[in-house]
Amino acid sequence: VNGVYSADPEKDPGAVYYPEVSYLEVLTKELAVMDAAAISLCKENGLPIRVFNLNTGDNLYQAGIGEPIGTLVH
């Protein structure tokens with residue numbers, strides 16, 4: 001997937017894409033990003049998470065230089 005969605009976009013055509021979402025939203029909305037313990041550890045340590053598709057073009061490079069691709073979880 002290209003980021004975080006409200007549901008699986010392959011199964012739900014009405015799934016909403018989130019360009020940016022908070023740790024709390026990920027946990028309360030039970031968004032499938034990572035397990036809750038990993039999200040909590042990132043939150044406690046101030047580590048942002050960038051969710052993006054590694055198999056699309058030069059996304060890894062773009063993420064590495066700080067381009068706003070995928071979803072930012074903070």
# chains A, B, ... in the order shown; residues from 1 in each chain; ligands from 1
$ residues_around --residues "Cys42 of chain A" --least-positions-apart "5" --cutoff "9 Å" --atoms "only C-alpha atoms" --output "number ranges by chain"
A: 23, 37, 47-49, 74
$ residues_around --residues "Gly70 of chain A" --least-positions-apart "6" --cutoff "9 Å" --atoms "only C-alpha atoms" --output "PDB file with N, CA and C atoms, in the first residue's frame"
ATOM      1  N   VAL A   1       0.839  -1.194   0.000  1.00  0.00           N
ATOM      2  CA  VAL A   1       0.000   0.000   0.000  1.00  0.00           C
ATOM      3  C   VAL A   1       0.875   1.246   0.000  1.00  0.00           C
ATOM      4  N   ASN A   2       0.275   2.344  -0.331  1.00  0.00           N
ATOM      5  CA  ASN A   2       1.022   3.594  -0.445  1.00  0.00           C
ATOM      6  C   ASN A   2       1.032   4.419   0.833  1.00  0.00           C
ATOM      7  N   GLY A   3       0.430   3.918   1.885  1.00  0.00           N
ATOM      8  CA  GLY A   3       0.371   4.643   3.151  1.00  0.00           C
ATOM      9  C   GLY A   3      -0.658   4.001   4.055  1.00  0.00           C
ATOM     10  N   VAL A   4      -1.158   4.771   5.005  1.00  0.00           N
ATOM     11  CA  VAL A   4      -2.140   4.272   5.966  1.00  0.00           C
ATOM     12  C   VAL A   4      -3.543   4.627   5.469  1.00  0.00           C
ATOM     13  N   TYR A  18      -4.842   8.386   4.695  1.00  0.00           N
ATOM     14  CA  TYR A  18      -4.380   9.397   5.643  1.00  0.00           C
ATOM     15  C   TYR A  18      -2.964   9.834   5.270  1.00  0.00           C
ATOM     16  N   PRO A  19      -2.762  11.068   4.805  1.00  0.00           N
ATOM     17  CA  PRO A  19      -1.399  11.532   4.525  1.00  0.00           C
ATOM     18  C   PRO A  19      -0.605  11.753   5.808  1.00  0.00           C
ATOM     19  N   GLU A  20      -1.328  12.020   6.903  1.00  0.00           N
ATOM     20  CA  GLU A  20      -0.696  12.261   8.197  1.00  0.00           C
ATOM     21  C   GLU A  20      -1.659  11.788   9.278  1.00  0.00           C
ATOM     22  N   ARG A  50       7.252   6.649   8.861  1.00  0.00           N
ATOM     23  CA  ARG A  50       6.825   6.982   7.496  1.00  0.00           C
ATOM     24  C   ARG A  50       6.411   5.667   6.838  1.00  0.00           C
ATOM     25  N   VAL A  51       5.140   5.555   6.469  1.00  0.00           N
ATOM     26  CA  VAL A  51       4.606   4.350   5.828  1.00  0.00           C
ATOM     27  C   VAL A  51       4.445   4.642   4.340  1.00  0.00           C
ATOM     28  N   PHE A  52       5.141   3.855   3.502  1.00  0.00           N
ATOM     29  CA  PHE A  52       5.070   4.066   2.060  1.00  0.00           C
ATOM     30  C   PHE A  52       5.377   2.765   1.342  1.00  0.00           C
ATOM     31  N   ASN A  53       5.136   2.734   0.046  1.00  0.00           N
ATOM     32  CA  ASN A  53       5.353   1.548  -0.774  1.00  0.00           C
ATOM     33  C   ASN A  53       6.804   1.516  -1.261  1.00  0.00           C
ATOM     34  N   ASN A  59      10.570   5.736  -4.308  1.00  0.00           N
ATOM     35  CA  ASN A  59      10.010   6.104  -3.006  1.00  0.00           C
ATOM     36  C   ASN A  59      11.030   6.051  -1.877  1.00  0.00           C
ATOM     37  N   ALA A  63      11.826   9.233   0.365  1.00  0.00           N
ATOM     38  CA  ALA A  63      11.662   9.229   1.823  1.00  0.00           C
ATOM     39  C   ALA A  63      12.971   9.608   2.501  1.00  0.00           C
TER      40      ALA A  63
END
$ select_by_dssp --residues "chain A" --states "alpha helix (DSSP H)" --output "JSON, numbers by chain"
{"A": [23, 24, 25, 26, 27, 28, 36, 37, 38, 39, 40, 41, 42, 43, 44, 59, 60, 61, 62, 63, 64]}
$ select_by_dssp --residues "chain A" --states "strand (DSSP E)" --output "PDB file with C-alpha atoms, in the first residue's frame"
ATOM      1  CA  VAL A   4      -2.140   4.272   5.966  1.00  0.00           C
ATOM      2  CA  TYR A   5      -5.819   3.797   5.129  1.00  0.00           C
ATOM      3  CA  TYR A  17      -6.131   7.517   2.825  1.00  0.00           C
ATOM      4  CA  TYR A  18      -4.380   9.397   5.643  1.00  0.00           C
ATOM      5  CA  GLU A  20      -0.696  12.261   8.197  1.00  0.00           C
ATOM      6  CA  VAL A  21      -1.970  10.629  11.389  1.00  0.00           C
ATOM      7  CA  ILE A  49       7.074   6.610  11.272  1.00  0.00           C
ATOM      8  CA  ARG A  50       6.825   6.982   7.496  1.00  0.00           C
ATOM      9  CA  VAL A  51       4.606   4.350   5.828  1.00  0.00           C
ATOM     10  CA  THR A  71       1.788   8.573   5.522  1.00  0.00           C
ATOM     11  CA  LEU A  72       3.568  10.299   8.382  1.00  0.00           C
ATOM     12  CA  VAL A  73       2.696   8.888  11.800  1.00  0.00           C
TER      13      VAL A  73
END
$ closest_residue --among "A:Asn55, A:Ser6, A:Gln62, A:Ser22" --to "Ile39 of chain A" --atoms "only C-alpha atoms"
A:Ser22
$ atom_distance --atom1 "atom CA of Val33 of chain A" --atom2 "atom CA of Ala7 of chain A"
10.9 Å
